[in-house]
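Quick notes on the structure that follows.
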Amino acid sequence: MSDIVVKDAIIFITDANRERGIGRALVEEAIKRGAKKVYATARDVSQLDSLSSQYPGIVVPLRLDVTSKDEINKVAQMADDTQILINNSGFAGYCGICFNHDEQAAKQELNVNYFGTLNLIRAFCKTLIKNKNAA
Ligand SMILES: NC(=O)c1ccc[n+]([C@@H]2O[C@H](COP(=O)([O-])OP(=O)(O)OC[C@H]3O[C@@H](n4cnc5c(N)ncnc54)[C@H](OP(=O)(O)O)[C@@H]3O)[C@@H](O)[C@H]2O)c1
């Protein structure tokens, strides 16, 4: 992340809930580089309690399952000052998909990794364009 872009920016990062996850590290790095506000999402929003208490007034926790279009549209409305969107959510079926022919896992990969990302970009598109000069 470039310091120039991140400083004073309002950033939306999906899935910052896992203690050692990339999402959480991205939130912490963004704040270290001077982000003004970071929307951090999780399926279980209570897993964001430690982040929001560590960075009061900066981290805004939001519930989001990226496979739900309704939830995506809801958070996109709530976070309409977002300038940078980071799609971090991911699901990996790994060998289950190849060796066990786990079709459910394959579908979940597509729903999270492809459609989740696509639907988030679509939901935030106008907001990002509207806010791009404010960064
Ligand atoms: N770590 C690596 O080496 C590596 C390499 C290449 C790419 N990546 C990608 O980088 C991203 C972060 O990696 P990571 O290692 O930090 O991932 P991770 O520890 O496996 O965490 C995945 C995150 O995605 C969330 N998630 C899964 N299904 C979801 C859904 N339906 N809606 C919302 N969130 C959902 C999980 O939430 P829950 O906790 O609720 O399950 C979790 O927060 C992922 O997209 C991953 O594919 C990672």
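Ligands are numbered from 1 in the order shown, residues from 1 within each chain, and chains are lettered A, B, ... in the order they appear in the structure tokens.
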
Find the residues of chain A that sit at most 12 Å from ligand 1; for each, write down the nearest two atoms and how far apart they are in Å, to one decimal. Count only C-alpha atoms and all ligand atoms. Sort by chain, then by number going up, and give it as a tab-separated table.
```
residue	atom	partner	partner_atom_place_in_ligand_line	distance
A:Ile13	CA	ligand 1	43 (O)	10.6
A:Thr14	CA	ligand 1	34 (N)	7.0
A:Asp15	CA	ligand 1	43 (O)	4.2
A:Ala16	CA	ligand 1	43 (O)	6.0
A:Asn17	CA	ligand 1	43 (O)	5.4
A:Arg18	CA	ligand 1	43 (O)	5.5
A:Glu19	CA	ligand 1	19 (O)	8.4
A:Arg20	CA	ligand 1	16 (O)	6.8
A:Gly21	CA	ligand 1	16 (O)	3.4
A:Ile22	CA	ligand 1	16 (O)	3.7
A:Gly23	CA	ligand 1	16 (O)	5.7
A:Arg24	CA	ligand 1	16 (O)	7.7
A:Ala25	CA	ligand 1	16 (O)	8.4
A:Leu26	CA	ligand 1	16 (O)	9.5
A:Val27	CA	ligand 1	16 (O)	11.7
A:Ala40	CA	ligand 1	43 (O)	10.5
A:Thr41	CA	ligand 1	33 (C)	7.9
A:Ala42	CA	ligand 1	34 (N)	6.0
A:Arg43	CA	ligand 1	40 (O)	4.9
A:Asp44	CA	ligand 1	40 (O)	6.2
A:Val45	CA	ligand 1	40 (O)	9.1
A:Ser46	CA	ligand 1	40 (O)	10.7
A:Gln47	CA	ligand 1	39 (O)	8.5
A:Leu48	CA	ligand 1	43 (O)	10.4
A:Leu62	CA	ligand 1	33 (C)	11.1
A:Arg63	CA	ligand 1	33 (C)	8.8
A:Leu64	CA	ligand 1	33 (C)	5.9
A:Asp65	CA	ligand 1	32 (N)	3.5
A:Val66	CA	ligand 1	32 (N)	4.0
A:Thr67	CA	ligand 1	31 (N)	5.0
A:Ser68	CA	ligand 1	31 (N)	7.9
A:Lys69	CA	ligand 1	32 (N)	10.8
A:Glu71	CA	ligand 1	32 (N)	10.0
A:Ile72	CA	ligand 1	32 (N)	10.0
A:Ile86	CA	ligand 1	11 (C)	10.1
A:Asn87	CA	ligand 1	45 (O)	7.4
A:Asn88	CA	ligand 1	11 (C)	4.7
A:Ser89	CA	ligand 1	24 (O)	3.8
A:Gly90	CA	ligand 1	45 (O)	3.2
A:Phe91	CA	ligand 1	27 (C)	4.9
A:Ala92	CA	ligand 1	47 (O)	6.4
A:Gly93	CA	ligand 1	47 (O)	10.1
A:Tyr94	CA	ligand 1	47 (O)	10.6
A:Ala105	CA	ligand 1	28 (N)	10.9
A:Lys107	CA	ligand 1	31 (N)	11.2
A:Gln108	CA	ligand 1	31 (N)	7.6
A:Glu109	CA	ligand 1	28 (N)	8.3
A:Leu110	CA	ligand 1	31 (N)	10.2
A:Asn111	CA	ligand 1	31 (N)	7.4
A:Val112	CA	ligand 1	31 (N)	5.3
A:Asn113	CA	ligand 1	45 (O)	6.8
A:Tyr114	CA	ligand 1	45 (O)	10.2
A:Phe115	CA	ligand 1	31 (N)	10.2
A:Gly116	CA	ligand 1	32 (N)	7.6
A:Thr117	CA	ligand 1	45 (O)	9.5
A:Asn119	CA	ligand 1	32 (N)	11.9
A:Leu120	CA	ligand 1	33 (C)	11.1
```

(request) Pick out each residue of range 3-129 of chain A that DSSP on the backbone tags as alpha helix (DSSP H); I need them as a ChimeraX atom specification. (result) /A:3-6,22-32,49-54,69-78,95-99,103-109,117-129

(request) Considering only C-alpha atoms, return as number ranges by chain whatever protein or nucleic-acid residues lie within 12 Å of range 30-34 of chain A, sequence-local ones (same chain, fewer than 5 positions apart) excluded. (result) A: 1-13, 23-25, 39-40, 51-52, 54-59, 84, 86

With N, CA and C atoms kept, could you save the residues just selected as a compact mmCIF listing (two decimals), in the first residue's frame?
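Dumped to again.txt:
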```
# COMPACT_ATOMS: atom_id res chain seq x y z
N MET A 1 0.84 -1.19 0.00
CA MET A 1 0.00 0.00 0.00
C MET A 1 0.88 1.24 0.00
N SER A 2 0.60 2.15 -0.90
CA SER A 2 1.40 3.37 -0.95
C SER A 2 1.00 4.31 0.18
N ASP A 3 1.98 4.87 0.87
CA ASP A 3 1.71 5.80 1.96
C ASP A 3 0.88 6.99 1.47
N ILE A 4 1.22 7.46 0.26
CA ILE A 4 0.56 8.67 -0.26
C ILE A 4 -0.93 8.41 -0.45
N VAL A 5 -1.27 7.22 -0.96
CA VAL A 5 -2.67 6.91 -1.22
C VAL A 5 -3.41 6.63 0.08
N VAL A 6 -2.74 5.97 1.01
CA VAL A 6 -3.42 5.51 2.22
C VAL A 6 -3.59 6.62 3.26
N LYS A 7 -2.66 7.55 3.31
CA LYS A 7 -2.73 8.59 4.33
C LYS A 7 -4.05 9.36 4.22
N ASP A 8 -4.77 9.41 5.33
CA ASP A 8 -6.06 10.11 5.44
C ASP A 8 -7.18 9.46 4.62
N ALA A 9 -6.94 8.28 4.09
CA ALA A 9 -7.97 7.65 3.25
C ALA A 9 -8.99 6.87 4.10
N ILE A 10 -10.12 6.60 3.48
CA ILE A 10 -11.17 5.79 4.10
C ILE A 10 -11.21 4.47 3.33
N ILE A 11 -10.91 3.39 4.04
CA ILE A 11 -10.64 2.10 3.39
C ILE A 11 -11.61 1.04 3.89
N PHE A 12 -12.05 0.19 2.99
CA PHE A 12 -12.97 -0.90 3.32
C PHE A 12 -12.24 -2.22 3.07
N ILE A 13 -12.08 -3.03 4.13
CA ILE A 13 -11.32 -4.28 4.02
C ILE A 13 -12.18 -5.45 4.49
N GLY A 23 -6.22 -10.09 6.29
CA GLY A 23 -7.15 -8.97 6.44
C GLY A 23 -6.83 -8.12 7.65
N ARG A 24 -6.57 -8.78 8.75
CA ARG A 24 -6.24 -8.05 9.98
C ARG A 24 -4.91 -7.29 9.81
N ALA A 25 -3.96 -7.95 9.19
CA ALA A 25 -2.67 -7.29 8.96
C ALA A 25 -2.84 -6.06 8.05
N TYR A 39 -13.15 0.52 7.49
CA TYR A 39 -14.27 -0.41 7.67
C TYR A 39 -13.69 -1.82 7.61
N ALA A 40 -13.93 -2.60 8.67
CA ALA A 40 -13.42 -3.97 8.71
C ALA A 40 -14.61 -4.90 8.82
N LEU A 51 -10.07 -5.56 17.56
CA LEU A 51 -9.57 -4.54 16.60
C LEU A 51 -10.24 -3.20 16.86
N SER A 52 -11.57 -3.22 17.03
CA SER A 52 -12.25 -1.92 17.20
C SER A 52 -11.94 -1.30 18.55
N GLN A 54 -9.00 -1.66 20.00
CA GLN A 54 -7.61 -1.21 19.87
C GLN A 54 -7.52 0.12 19.10
N TYR A 55 -8.43 0.30 18.15
CA TYR A 55 -8.39 1.50 17.32
C TYR A 55 -9.76 2.20 17.34
N PRO A 56 -10.16 2.72 18.52
CA PRO A 56 -11.49 3.34 18.61
C PRO A 56 -11.57 4.58 17.71
N GLY A 57 -12.70 4.73 17.04
CA GLY A 57 -12.87 5.90 16.19
C GLY A 57 -12.22 5.76 14.82
N ILE A 58 -11.46 4.70 14.63
CA ILE A 58 -10.85 4.48 13.31
C ILE A 58 -11.44 3.22 12.67
N VAL A 59 -11.43 2.12 13.41
CA VAL A 59 -11.99 0.87 12.85
C VAL A 59 -13.50 0.85 13.06
N ILE A 84 -11.15 3.39 -0.87
CA ILE A 84 -10.35 2.23 -1.32
C ILE A 84 -11.06 0.97 -0.85
N ILE A 86 -10.72 -3.12 -0.47
CA ILE A 86 -9.80 -4.27 -0.52
C ILE A 86 -10.60 -5.56 -0.32
```

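Per DSSP on the backbone, strand (DSSP E) in range 5-112 of chain A comprises A:Ile10, A:Ile11, A:Phe12, A:Ile13, A:Lys37, A:Val38, A:Tyr39, A:Ala40, A:Thr41, A:Ala42, A:Val59, A:Val60, A:Pro61, A:Leu62, A:Arg63, A:Ile84, A:Leu85, A:Ile86.
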
(message) Need to verify the contact set: Asn133 in chain A, 10 Å, only C-alpha atoms, exclusion of same-chain residues closer than 4 positions in sequence. Can you return it as a ChimeraX atom specification?
(response) /A:83,128-129

(message) What's the separation between CA of Ala76 in chain A and CA of Thr127 in chain A, in Å to one decimal place?
(response) 8.2 Å

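Take CA of Ser50 in chain A and CA of Ile121 in chain A: the distance between them is 27.4 Å.
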